[in-house]
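Participant: Dropping in model.txt, which is compact mmCIF, C-alpha atoms:
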```txt
# COMPACT_ATOMS: atom_id res chain seq x y z
CA MET A 7 23.51 -0.58 -34.08
CA MET A 8 19.96 -1.08 -32.83
CA GLY A 9 19.59 -3.58 -29.99
CA SER A 10 16.56 -5.50 -28.74
CA ILE A 11 14.48 -6.13 -25.64
CA LYS A 12 13.51 -9.76 -25.04
CA GLY A 13 9.83 -10.40 -25.72
CA LEU A 14 9.36 -7.09 -27.58
CA GLU A 15 9.86 -5.73 -31.07
CA ARG A 16 9.66 -2.36 -32.72
CA PHE A 17 7.16 -2.08 -35.58
CA ASP A 18 5.16 0.40 -37.67
CA SER A 19 1.83 0.80 -35.88
CA PRO A 20 -1.02 1.55 -38.33
CA GLY A 21 -2.03 5.19 -38.03
CA LYS A 22 0.39 5.84 -35.17
CA GLY A 23 3.90 5.51 -36.58
CA ARG A 24 6.56 3.75 -34.56
CA GLY A 25 5.41 1.40 -31.84
CA LEU A 26 6.23 -1.60 -29.65
CA ARG A 27 4.51 -4.98 -29.65
CA VAL A 28 5.02 -8.21 -27.73
CA THR A 29 6.45 -11.35 -29.33
CA ARG A 30 5.34 -13.69 -26.54
CA PRO A 31 2.40 -13.92 -24.13
CA PHE A 32 2.37 -11.75 -20.99
CA LYS A 33 0.01 -12.23 -18.04
CA VAL A 34 -1.56 -9.45 -15.98
CA GLY A 35 1.07 -8.09 -13.59
CA GLU A 36 4.01 -9.51 -15.54
CA LEU A 37 7.01 -7.26 -16.17
CA LEU A 38 7.59 -6.54 -19.88
CA PHE A 39 10.78 -4.57 -19.32
CA SER A 40 12.61 -2.19 -17.03
CA CYS A 41 14.30 0.94 -18.36
CA PRO A 42 16.83 3.18 -16.60
CA ALA A 43 16.50 6.91 -17.21
CA TYR A 44 18.66 8.51 -19.87
CA SER A 45 18.47 11.60 -17.70
CA HIS A 46 16.32 12.64 -14.76
CA VAL A 47 15.77 15.60 -12.45
CA LEU A 48 14.23 15.82 -8.98
CA SER A 49 11.56 18.46 -8.49
CA VAL A 50 12.80 21.49 -6.52
CA LYS A 51 9.82 21.06 -4.18
CA GLU A 52 11.05 17.59 -3.15
CA ARG A 53 14.59 18.67 -2.24
CA GLY A 54 15.44 17.63 1.29
CA CYS A 55 13.00 14.71 1.16
CA TYR A 56 14.55 12.61 -1.62
CA CYS A 57 18.07 11.87 -2.82
CA GLU A 58 18.81 13.89 -5.98
CA PHE A 59 20.60 10.95 -7.57
CA CYS A 60 18.56 7.82 -6.81
CA PHE A 61 15.23 9.33 -5.59
CA THR A 62 15.36 7.37 -2.32
CA ARG A 63 13.17 8.90 0.39
CA THR A 64 14.93 8.96 3.74
CA GLN A 65 15.31 11.21 6.78
CA HIS A 66 19.09 10.79 6.71
CA LEU A 67 20.20 12.91 3.76
CA ALA A 68 23.51 14.74 3.42
CA ARG A 69 23.43 18.30 2.05
CA CYS A 70 25.71 19.60 -0.70
CA GLY A 71 28.33 21.67 1.13
CA LYS A 72 28.47 24.41 -1.51
CA CYS A 73 24.90 25.22 -2.59
CA LYS A 74 23.16 23.79 0.52
CA LYS A 75 20.21 22.94 -1.77
CA ALA A 76 20.82 19.38 -3.03
CA PHE A 77 20.61 16.33 -0.75
CA TYR A 78 22.01 12.81 -1.08
CA CYS A 79 21.82 9.39 0.59
CA ASN A 80 25.58 9.16 0.89
CA VAL A 81 28.90 10.15 -0.70
CA LYS A 82 28.44 7.55 -3.45
CA CYS A 83 25.18 9.16 -4.63
CA GLN A 84 26.68 12.65 -4.36
CA LYS A 85 29.67 11.67 -6.51
CA GLY A 86 27.37 9.89 -8.97
CA ASP A 87 25.32 13.05 -9.42
CA TRP A 88 28.16 15.57 -9.57
CA ALA A 89 28.41 15.63 -13.38
CA MET A 90 24.78 16.85 -13.44
CA HIS A 91 24.64 18.81 -10.20
CA LYS A 92 27.64 20.94 -11.16
CA LEU A 93 25.47 22.41 -13.94
CA GLU A 94 23.39 24.07 -11.20
CA CYS A 95 25.45 24.21 -8.00
CA SER A 96 27.39 27.45 -8.45
CA ALA A 97 24.49 29.08 -10.37
CA MET A 98 22.15 28.46 -7.43
CA VAL A 99 24.68 30.18 -5.15
CA ALA A 100 25.18 33.09 -7.56
CA PHE A 101 21.52 33.72 -8.36
CA GLY A 102 20.13 32.87 -4.92
CA GLU A 103 16.34 33.24 -4.82
CA ASN A 104 16.37 34.39 -8.46
CA TRP A 105 17.45 30.94 -9.66
CA CYS A 106 14.24 29.67 -11.27
CA PRO A 107 14.68 27.49 -14.39
CA SER A 108 11.70 25.31 -15.24
CA GLU A 109 11.91 21.56 -14.64
CA ILE A 110 11.98 20.94 -18.39
CA SER A 111 14.93 23.39 -18.71
CA ARG A 112 16.80 21.53 -15.97
CA LEU A 113 16.21 18.23 -17.76
CA VAL A 114 17.30 19.64 -21.13
CA ALA A 115 20.56 20.84 -19.53
CA ARG A 116 21.23 17.36 -18.17
CA ILE A 117 20.48 15.72 -21.50
CA LEU A 118 22.95 18.03 -23.26
CA ALA A 119 25.62 17.28 -20.64
CA LYS A 120 24.97 13.53 -20.93
CA LYS A 121 25.21 13.66 -24.73
CA LYS A 122 28.62 15.32 -24.48
CA MET A 123 29.93 12.68 -22.06
CA GLN A 124 28.32 9.73 -23.87
CA LYS A 125 30.77 7.46 -25.71
CA GLU A 126 28.36 4.72 -26.81
CA ARG A 127 24.67 3.82 -27.01
CA CYS A 128 23.00 3.99 -23.58
CA VAL A 129 21.24 0.93 -22.11
CA CYS A 130 17.94 2.85 -22.35
CA GLU A 131 18.47 3.34 -26.12
CA LYS A 132 18.25 -0.28 -27.26
CA MET A 133 15.50 0.46 -29.76
CA LEU A 134 15.46 4.25 -30.06
CA LEU A 135 18.20 6.85 -29.71
CA ILE A 136 17.59 9.98 -27.64
CA GLY A 137 17.88 12.14 -30.77
CA GLU A 138 15.27 10.06 -32.60
CA MET A 139 12.45 10.91 -30.19
CA GLN A 140 9.46 12.60 -31.81
CA SER A 141 9.45 16.40 -31.94
CA HIS A 142 6.43 18.61 -32.67
CA THR A 143 8.02 22.04 -33.13
CA GLU A 144 6.06 22.55 -36.36
CA ASP A 145 2.75 21.81 -34.59
CA GLU A 146 3.12 24.25 -31.70
CA ASP A 147 0.75 27.20 -31.62
CA ASN A 148 1.89 30.73 -30.83
CA GLU A 149 1.14 30.44 -27.11
CA LYS A 150 3.15 27.22 -26.78
CA ARG A 151 6.02 28.65 -28.81
CA GLU A 152 6.13 31.78 -26.62
CA MET A 153 6.33 29.58 -23.50
CA THR A 154 9.18 27.59 -25.04
CA GLU A 155 11.02 30.76 -26.04
CA ALA A 156 10.70 32.04 -22.46
CA ASP A 157 12.07 28.71 -21.21
CA ILE A 158 15.00 28.97 -23.60
CA ALA A 159 15.76 32.53 -22.47
CA ARG A 160 15.92 31.35 -18.85
CA PHE A 161 17.97 28.34 -19.98
CA HIS A 162 20.62 30.63 -21.45
CA ARG A 163 20.61 32.77 -18.32
CA PHE A 164 21.15 29.90 -15.90
CA TYR A 165 23.18 27.34 -17.88
CA SER A 166 25.26 29.07 -20.59
CA LYS A 167 28.36 29.26 -18.35
CA HIS A 168 28.46 25.51 -17.80
CA LEU A 169 27.25 24.10 -21.12
CA ASP A 170 28.08 24.28 -24.80
CA VAL A 171 24.62 25.48 -25.81
CA PRO A 172 23.51 24.33 -29.29
CA ASP A 173 21.93 26.66 -31.83
CA HIS A 174 18.39 27.92 -31.36
CA LYS A 175 16.76 25.44 -33.75
CA GLU A 176 18.35 22.46 -32.01
CA LEU A 177 17.25 23.79 -28.62
CA LEU A 178 13.68 24.22 -29.86
CA THR A 179 13.71 20.62 -31.07
CA LEU A 180 15.10 19.27 -27.79
CA PHE A 181 12.59 21.21 -25.68
CA SER A 182 9.79 19.81 -27.87
CA GLN A 183 11.17 16.27 -27.62
CA VAL A 184 11.34 16.45 -23.84
CA GLY A 185 7.89 18.05 -23.62
CA CYS A 186 6.30 15.28 -25.69
CA ASN A 187 8.35 12.31 -24.45
CA GLY A 188 9.22 13.14 -20.85
CA PHE A 189 7.76 10.98 -18.08
CA THR A 190 6.59 12.30 -14.72
CA ILE A 191 8.04 10.21 -11.89
CA GLU A 192 5.44 9.85 -9.14
CA ASP A 193 5.33 8.29 -5.69
CA ASP A 194 2.79 5.77 -4.38
CA GLU A 195 0.19 8.53 -3.85
CA LEU A 196 0.84 9.96 -7.36
CA SER A 197 2.64 13.02 -6.02
CA HIS A 198 5.08 14.53 -8.52
CA LEU A 199 8.71 13.72 -7.68
CA GLY A 200 10.50 14.68 -10.88
CA THR A 201 10.81 14.24 -14.63
CA ALA A 202 12.86 11.84 -16.76
CA VAL A 203 13.36 10.68 -20.34
CA TYR A 204 13.47 7.02 -21.37
CA PRO A 205 14.15 6.75 -25.14
CA ASP A 206 12.98 3.14 -25.53
CA MET A 207 9.74 3.93 -23.73
CA ALA A 208 9.12 6.82 -26.12
CA LEU A 209 8.16 4.13 -28.65
CA ILE A 210 5.07 3.20 -26.63
CA ASN A 211 1.89 4.65 -28.12
CA HIS A 212 -1.23 5.88 -26.34
CA SER A 213 -4.60 4.24 -25.85
CA CYS A 214 -7.53 5.06 -23.56
CA LEU A 215 -7.68 1.25 -23.12
CA PRO A 216 -4.04 0.67 -22.11
CA SER A 217 -2.48 -2.78 -22.13
CA VAL A 218 0.37 -1.82 -19.77
CA ILE A 219 1.15 0.56 -16.94
CA VAL A 220 4.38 2.42 -16.12
CA THR A 221 5.60 2.63 -12.52
CA TYR A 222 8.92 3.64 -10.99
CA LYS A 223 11.58 2.05 -8.84
CA GLY A 224 13.86 4.94 -7.94
CA THR A 225 14.59 6.62 -11.27
CA SER A 226 14.07 3.45 -13.34
CA ALA A 227 10.75 2.89 -15.09
CA GLU A 228 9.03 -0.51 -15.13
CA VAL A 229 6.38 -1.57 -17.65
CA ARG A 230 3.85 -4.21 -16.56
CA ALA A 231 0.83 -5.76 -18.26
CA VAL A 232 -2.62 -4.76 -17.01
CA GLN A 233 -4.27 -7.02 -19.58
CA ASP A 234 -3.34 -10.53 -20.68
CA MET A 235 -1.34 -10.04 -23.87
CA LYS A 236 -0.71 -12.40 -26.79
CA PRO A 237 2.06 -12.25 -29.42
CA GLY A 238 1.45 -9.34 -31.81
CA ASP A 239 -0.45 -7.20 -29.28
CA GLU A 240 0.73 -3.60 -29.18
CA VAL A 241 2.21 -2.21 -25.98
CA LEU A 242 -0.06 0.74 -25.12
CA ILE A 243 -0.04 3.17 -22.19
CA SER A 244 -2.25 6.12 -21.36
CA TYR A 245 -0.58 9.51 -21.76
CA ILE A 246 -3.36 11.26 -19.82
CA ASP A 247 -5.78 10.92 -16.92
CA LEU A 248 -8.52 8.59 -18.17
CA LEU A 249 -11.26 9.77 -15.79
CA TYR A 250 -12.69 12.32 -18.21
CA PRO A 251 -15.15 11.94 -21.12
CA THR A 252 -14.00 11.39 -24.71
CA ASP A 253 -14.05 15.04 -25.85
CA ASP A 254 -12.04 16.18 -22.83
CA ARG A 255 -9.47 13.42 -23.29
CA ASN A 256 -8.97 14.22 -26.95
CA ASN A 257 -8.71 17.94 -26.27
CA ARG A 258 -5.91 17.18 -23.82
CA LEU A 259 -4.18 14.85 -26.29
CA ARG A 260 -4.41 17.42 -29.07
CA GLU A 261 -3.06 20.24 -26.87
CA SER A 262 -0.18 18.25 -25.36
CA TYR A 263 0.68 15.54 -27.91
CA TYR A 264 -0.80 16.80 -31.21
CA PHE A 265 -3.00 13.82 -32.09
CA LEU A 266 -6.48 12.43 -31.48
CA CYS A 267 -7.13 8.94 -30.15
CA ASP A 268 -9.16 6.46 -32.19
CA CYS A 269 -9.19 3.57 -29.69
CA GLN A 270 -12.37 1.57 -29.22
CA GLU A 271 -13.38 3.59 -26.16
CA CYS A 272 -13.03 6.87 -28.09
CA LYS A 273 -15.08 5.45 -30.96
CA SER A 274 -17.86 3.99 -28.82
CA LYS A 275 -17.82 6.59 -26.01
CA SER A 276 -19.27 3.76 -23.92
CA LYS A 277 -18.47 5.37 -20.54
CA ASP A 278 -19.35 8.96 -21.40
CA LYS A 279 -22.93 8.70 -20.15
CA ALA A 280 -21.79 7.41 -16.75
CA LYS A 281 -19.00 10.01 -16.60
CA LEU A 282 -21.46 12.84 -17.26
CA LYS A 283 -24.27 11.49 -15.09
CA VAL A 284 -26.90 14.02 -14.03
CA ARG A 285 -28.88 14.10 -10.80
CA LYS A 286 -32.18 12.25 -10.78
CA GLN A 287 -35.11 14.65 -10.58
CA SER A 288 -38.86 14.39 -10.99
CA ASP A 289 -38.63 16.48 -14.17
CA SER A 290 -35.93 15.70 -16.71
CA ILE A 291 -33.16 18.30 -17.02
CA GLU A 292 -33.07 20.19 -20.30
CA PRO A 293 -30.00 19.51 -22.53
CA ASP A 294 -29.16 23.23 -22.57
CA VAL A 295 -28.96 23.27 -18.78
CA ILE A 296 -26.60 20.27 -18.83
CA ASN A 297 -24.41 21.77 -21.57
CA ASN A 298 -24.17 25.08 -19.72
CA MET A 299 -23.13 23.26 -16.54
CA VAL A 300 -20.47 21.30 -18.44
CA ARG A 301 -19.07 24.61 -19.71
CA TYR A 302 -19.18 26.02 -16.18
CA ALA A 303 -17.37 22.94 -14.83
CA ARG A 304 -14.57 23.14 -17.42
CA LYS A 305 -14.15 26.88 -16.83
CA THR A 306 -14.07 26.40 -13.06
CA ILE A 307 -11.44 23.65 -13.29
CA ARG A 308 -9.21 25.91 -15.42
CA GLU A 309 -9.64 28.83 -13.03
CA PHE A 310 -8.94 26.61 -10.03
CA GLN A 311 -5.69 25.36 -11.59
CA GLU A 312 -4.57 28.92 -12.39
CA PHE A 313 -5.35 30.09 -8.85
CA LYS A 314 -3.60 27.05 -7.37
CA HIS A 315 -0.40 27.78 -9.33
CA THR A 316 -0.36 31.55 -8.75
CA LYS A 317 -1.69 32.11 -5.22
CA ASN A 318 -2.23 28.70 -3.56
CA ILE A 319 -4.15 30.09 -0.57
CA LEU A 320 -5.58 26.94 0.96
CA HIS A 321 -8.77 28.22 2.57
CA GLU A 322 -9.69 30.12 -0.62
CA LEU A 323 -9.01 27.04 -2.75
CA LEU A 324 -11.23 24.95 -0.49
CA GLU A 325 -13.95 27.59 -0.74
CA MET A 326 -13.71 27.42 -4.55
CA CYS A 327 -14.16 23.64 -4.38
CA GLU A 328 -17.15 23.86 -2.07
CA GLN A 329 -18.85 26.58 -4.10
CA SER A 330 -18.38 24.74 -7.41
CA LEU A 331 -19.59 21.46 -5.90
CA GLU A 332 -22.74 23.19 -4.64
CA GLU A 333 -23.32 24.82 -8.04
CA MET A 334 -22.68 21.67 -10.09
CA GLY A 335 -24.54 19.47 -7.60
CA ALA A 336 -27.83 21.09 -8.63
CA VAL A 337 -27.47 19.35 -12.01
CA PHE A 338 -24.75 16.68 -11.75
CA ASP A 339 -24.80 13.42 -9.83
CA ASP A 340 -22.04 12.99 -7.21
CA SER A 341 -20.42 10.42 -9.54
CA ASN A 342 -20.13 12.93 -12.41
CA VAL A 343 -16.43 13.33 -13.27
CA TYR A 344 -16.48 17.11 -12.81
CA MET A 345 -17.85 16.62 -9.30
CA LEU A 346 -15.19 13.97 -8.68
CA HIS A 347 -12.47 16.30 -9.93
CA MET A 348 -13.34 18.99 -7.40
CA MET A 349 -13.85 16.43 -4.60
CA TYR A 350 -10.34 15.11 -5.25
CA GLN A 351 -8.93 18.65 -5.09
CA ALA A 352 -10.87 19.29 -1.87
CA MET A 353 -9.50 16.06 -0.37
CA GLY A 354 -5.93 17.18 -1.09
CA ILE A 355 -6.50 20.63 0.38
CA CYS A 356 -8.02 19.15 3.55
CA MET A 357 -4.97 16.90 3.90
CA TYR A 358 -2.64 19.92 3.67
CA MET A 359 -4.78 21.72 6.24
CA GLN A 360 -4.61 18.69 8.57
CA ASP A 361 -8.39 18.34 8.41
CA LEU A 362 -8.40 14.54 8.46
CA ASP A 363 -12.16 14.16 8.80
CA GLY A 364 -12.76 16.50 5.85
CA ALA A 365 -10.22 14.63 3.70
CA ILE A 366 -11.84 11.29 4.57
CA ARG A 367 -15.32 12.65 3.79
CA TYR A 368 -14.28 13.65 0.29
CA GLY A 369 -12.08 10.58 -0.28
CA GLU A 370 -14.83 8.12 0.58
CA LYS A 371 -17.08 9.71 -2.04
CA LEU A 372 -14.46 9.06 -4.72
CA LEU A 373 -13.93 5.33 -4.28
CA LYS A 374 -17.02 3.75 -5.83
CA PRO A 375 -17.17 5.93 -8.99
CA TYR A 376 -13.38 5.80 -9.40
CA SER A 377 -13.46 1.98 -9.32
CA HIS A 378 -16.16 2.00 -11.99
CA LEU A 379 -14.82 4.73 -14.28
CA TYR A 380 -11.08 3.99 -14.31
CA PRO A 381 -9.58 0.94 -16.07
CA PRO A 382 -8.57 -2.10 -13.96
CA TYR A 383 -5.43 -1.74 -11.83
CA SER A 384 -5.51 2.06 -11.98
CA LEU A 385 -3.08 3.84 -9.69
CA ASN A 386 -5.63 6.65 -9.42
CA VAL A 387 -7.81 4.20 -7.49
CA SER A 388 -5.02 2.66 -5.39
CA SER A 389 -3.69 6.11 -4.43
CA VAL A 390 -7.06 7.10 -2.93
CA TYR A 391 -7.24 3.84 -0.95
CA LEU A 392 -3.68 4.50 0.21
CA LYS A 393 -4.41 8.06 1.29
CA LEU A 394 -7.55 6.98 3.11
CA GLY A 395 -5.68 4.15 4.84
CA ARG A 396 -3.11 6.60 6.18
CA LEU A 397 -5.82 9.06 7.20
CA TYR A 398 -7.71 6.31 9.05
CA LEU A 399 -4.45 5.42 10.79
CA GLY A 400 -4.10 9.02 11.95
CA LEU A 401 -7.54 8.78 13.55
CA GLU A 402 -6.82 5.30 14.98
CA ARG A 403 -9.56 3.70 12.90
CA GLN A 404 -7.67 0.43 12.70
CA SER A 405 -10.19 -1.75 10.87
CA ALA A 406 -10.89 0.84 8.18
CA CYS A 407 -7.15 1.47 7.81
CA THR A 408 -6.34 -2.21 7.24
CA SER A 409 -9.20 -2.65 4.76
CA ALA A 410 -8.15 0.39 2.70
CA LEU A 411 -4.47 -0.58 2.67
CA LYS A 412 -5.28 -4.13 1.54
CA LYS A 413 -7.37 -2.79 -1.36
CA ALA A 414 -4.55 -0.45 -2.35
CA MET A 415 -2.05 -3.30 -2.18
CA ALA A 416 -4.17 -5.57 -4.41
CA ILE A 417 -3.87 -3.00 -7.22
CA MET A 418 -0.27 -2.05 -6.52
CA GLU A 419 0.98 -5.65 -6.55
CA VAL A 420 -0.07 -5.79 -10.21
CA ALA A 421 1.12 -2.30 -11.14
CA HIS A 422 4.38 -2.17 -9.16
CA GLY A 423 5.21 -5.87 -8.77
CA LYS A 424 5.08 -7.86 -5.53
CA ASP A 425 8.75 -7.18 -4.72
CA HIS A 426 8.51 -3.36 -4.90
CA PHE A 427 9.50 -1.49 -1.73
CA TYR A 428 6.07 0.21 -1.70
CA ILE A 429 4.51 -3.23 -1.28
CA GLU A 430 7.00 -4.15 1.45
CA GLU A 431 6.09 -0.97 3.33
CA LEU A 432 2.38 -1.75 2.99
CA ARG A 433 2.83 -5.29 4.28
CA LYS A 434 4.66 -3.94 7.33
CA MET A 435 1.91 -1.36 7.98
CA ILE A 436 -0.82 -3.99 7.71
CA ALA A 437 1.08 -6.43 9.95
CA GLN A 438 1.54 -3.76 12.61
CA LYS A 439 -2.20 -3.12 12.69
```
If you convert what's in this file into structure tokens, what do you get?

Facilitator:
Amino acid sequence: MMGSIKGLERFDSPGKGRGLRVTRPFKVGELLFSCPAYSHVLSVKERGCYCEFCFTRTQHLARCGKCKKAFYCNVKCQKGDWAMHKLECSAMVAFGENWCPSEISRLVARILAKKKMQKERCVCEKMLLIGEMQSHTEDEDNEKREMTEADIARFHRFYSKHLDVPDHKELLTLFSQVGCNGFTIEDDELSHLGTAVYPDMALINHSCLPSVIVTYKGTSAEVRAVQDMKPGDEVLISYIDLLYPTDDRNNRLRESYYFLCDCQECKSKSKDKAKLKVRKQSDSIEPDVINNMVRYARKTIREFQEFKHTKNILHELLEMCEQSLEEMGAVFDDSNVYMLHMMYQAMGICMYMQDLDGAIRYGEKLLKPYSHLYPPYSLNVSSVYLKLGRLYLGLERQSACTSALKKAMAIMEVAHGKDHFYIEELRKMIAQK
């Protein structure tokens, strides 16, 4: 029997299908609801830094005695995770370095194991069951289907000994459901920690003018208002990065979620001119020159992402950023989103290379346009302030550090709530300054 969440109701959203709306007023920063994960998985890259079970970051983690790969806060967390970890533990030992299922495959395995153990409706399924999540298997193109088939082949290789694997059609559906409804769990700097599914949150539709934001406390998701909401208002999040112009956003939505957005921002394209700002010159720049540079920018971003995932050679990645910024800078203003994209990448690379001054130089260029182009209370903005604050601290620039951390905290108190441990950590850092 379907349950309910106080202050919310499920409804048929015009043009969108199922949705959630509020039944009472909510103020900016107010918590609409919290949702535990139906199933979650920690990224392999974060092993040794975070507890596999609760996602707590600590230096005092205990290692699994068998596989030596998984880490836990304590025995309680290790026991709590065993039903899921045993799906991988012996396989990681057997396959060694050849053990390489995708994160989505790992999550699918855990969902199947949870379904088998589940006796009753989960607390995260008050309004929507896990099996009722939207699937788009019929919408996938050949390239996407081939990727899914490759994932399924690896899934069979690594999990068939420990799971009752359903038939191929059911697996295709589940992979599609997780791909379209999975949430990326991120830390305070928006670094990827893992992936999870929250059935009730799968009811929340997209808008480029979101009314709420999703943040995480461990593996639980929290939904807070970023606009004042009145009864009847739909609960809307952004599925994508909102920095980019309308055409780019809708291309991403079509490729990943199989729909186009018709929110007011997509209809009016009110920020597109600012997002695609060109450099002021004595002679106006011809439209063909601008269009060619936009194509160059999009191509360069794709190539950069491919190179980052395949080779990840830091000095070559930084060189790609610098070359593209020089090329685009002949036409685009520094606040153009394609310039900002490559500056953000360059900032991250400089941080990895321990070039604090370089990271600060790029980060400081991001702040003003980010604050203008992103919606209010954007974590994309707070994360840059946070990174800069920590970089300033490393260079003992105390005043700049405190200022940046306070600006990050002003956003994060709304997005995460004033009692979140990220906020407590920030308060301690600021007090110590």

Participant: One number please: atom CA of Arg151 of chain A to atom CA of Ile136 of chain A, in Å, one decimal.

Facilitator: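 Going from atom CA of Arg151 of chain A over to atom CA of Ile136 of chain A, I get 22.0 Å.
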
Participant: Which value, in Å to one decimal, gives the distance between atom CA of Pro375 of chain A and atom CA of Leu346 of chain A?

Facilitator: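 Distance between the two atoms: 8.3 Å.
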
Participant: Can you work out which one of A:His212, A:Arg160, A:His315, A:His66 has the shortest atom-to-atom distance to Gly23 of chain A, counting only C-alpha atoms?

Facilitator: A:His212

Participant: Hey, what's within 9 Å of Leu323 of chain A if we count all atoms listed in the file and toss same-chain stuff fewer than 4 positions away? As a ChimeraX atom specification, please?

Facilitator: /A:310,313-314,318-319,327-328,351-352,355

Participant: Take the residues that were just selected and, keeping C-alpha atoms, output them as a CSV table (one decimal), in the coordinates of the input.

Facilitator:
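out-v5.csv was written with the following content:
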```csv
chain,number,residue,atom,x,y,z
A,310,PHE,CA,-8.9,26.6,-10.0
A,313,PHE,CA,-5.4,30.1,-8.8
A,314,LYS,CA,-3.6,27.0,-7.4
A,318,ASN,CA,-2.2,28.7,-3.6
A,319,ILE,CA,-4.2,30.1,-0.6
A,327,CYS,CA,-14.2,23.6,-4.4
A,328,GLU,CA,-17.2,23.9,-2.1
A,351,GLN,CA,-8.9,18.6,-5.1
A,352,ALA,CA,-10.9,19.3,-1.9
A,355,ILE,CA,-6.5,20.6,0.4
```

Participant: If you count only C-alpha atoms, which residues fall within 12 Å of Glu261 of chain A, apart from same-chain ones fewer than 4 positions away, as a PyMOL selection string?

Facilitator: chain A and resi 142+145-147+149-150+185-186+246+254-257+265-266

Participant: To one decimal place in Å, what is the distance between atom CA of Met133 of chain A and atom CA of Asp234 of chain A?

Facilitator: 23.6 Å

Participant: Let me make sure I understand: among A:Leu37, A:Leu118, A:Ile429, A:Ala159, which one has the smallest atom-to-atom distance to Ile219 of chain A if we use only C-alpha atoms?

Facilitator: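 Smallest distance to Ile219 of chain A is found for A:Leu37.
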
Participant: Is it possible to get the residues within 10 Å of (16.1, 19.1, -6.4) (coordinates as in the file, counting all atoms listed in the file) written as a list of chain:residue names?

Facilitator: A:Val47, A:Leu48, A:Ser49, A:Val50, A:Lys51, A:Glu52, A:Arg53, A:Gly54, A:Cys55, A:Tyr56, A:Cys57, A:Glu58, A:Phe59, A:Phe61, A:Lys75, A:Ala76, A:Phe77, A:His91, A:Glu109, A:Arg112, A:Leu199, A:Gly200

Participant: Go through segment 174-204 of chain A and flag each residue having an atom no more than 12 Å from segment 402-421 of chain A; for those, report the closest pair of atoms plus their distance in Å to one decimal, using all atoms listed in the file, ordered by chain and rising number, as CSV.

Facilitator:
```
residue,atom,partner,partner_atom,distance
A:Asp193,CA,A:Met418,CA,11.8
A:Asp194,CA,A:Met418,CA,8.7
A:Glu195,CA,A:Ala414,CA,10.3
```

Participant: Env of Arg230 of chain A: 10 Å cut, atoms = all atoms listed in the file, seq-sep filter 5 positions within chain, self excluded. Answer as a PyMOL selection string.

Facilitator: chain A and resi 32-40+217-221+241+420-423
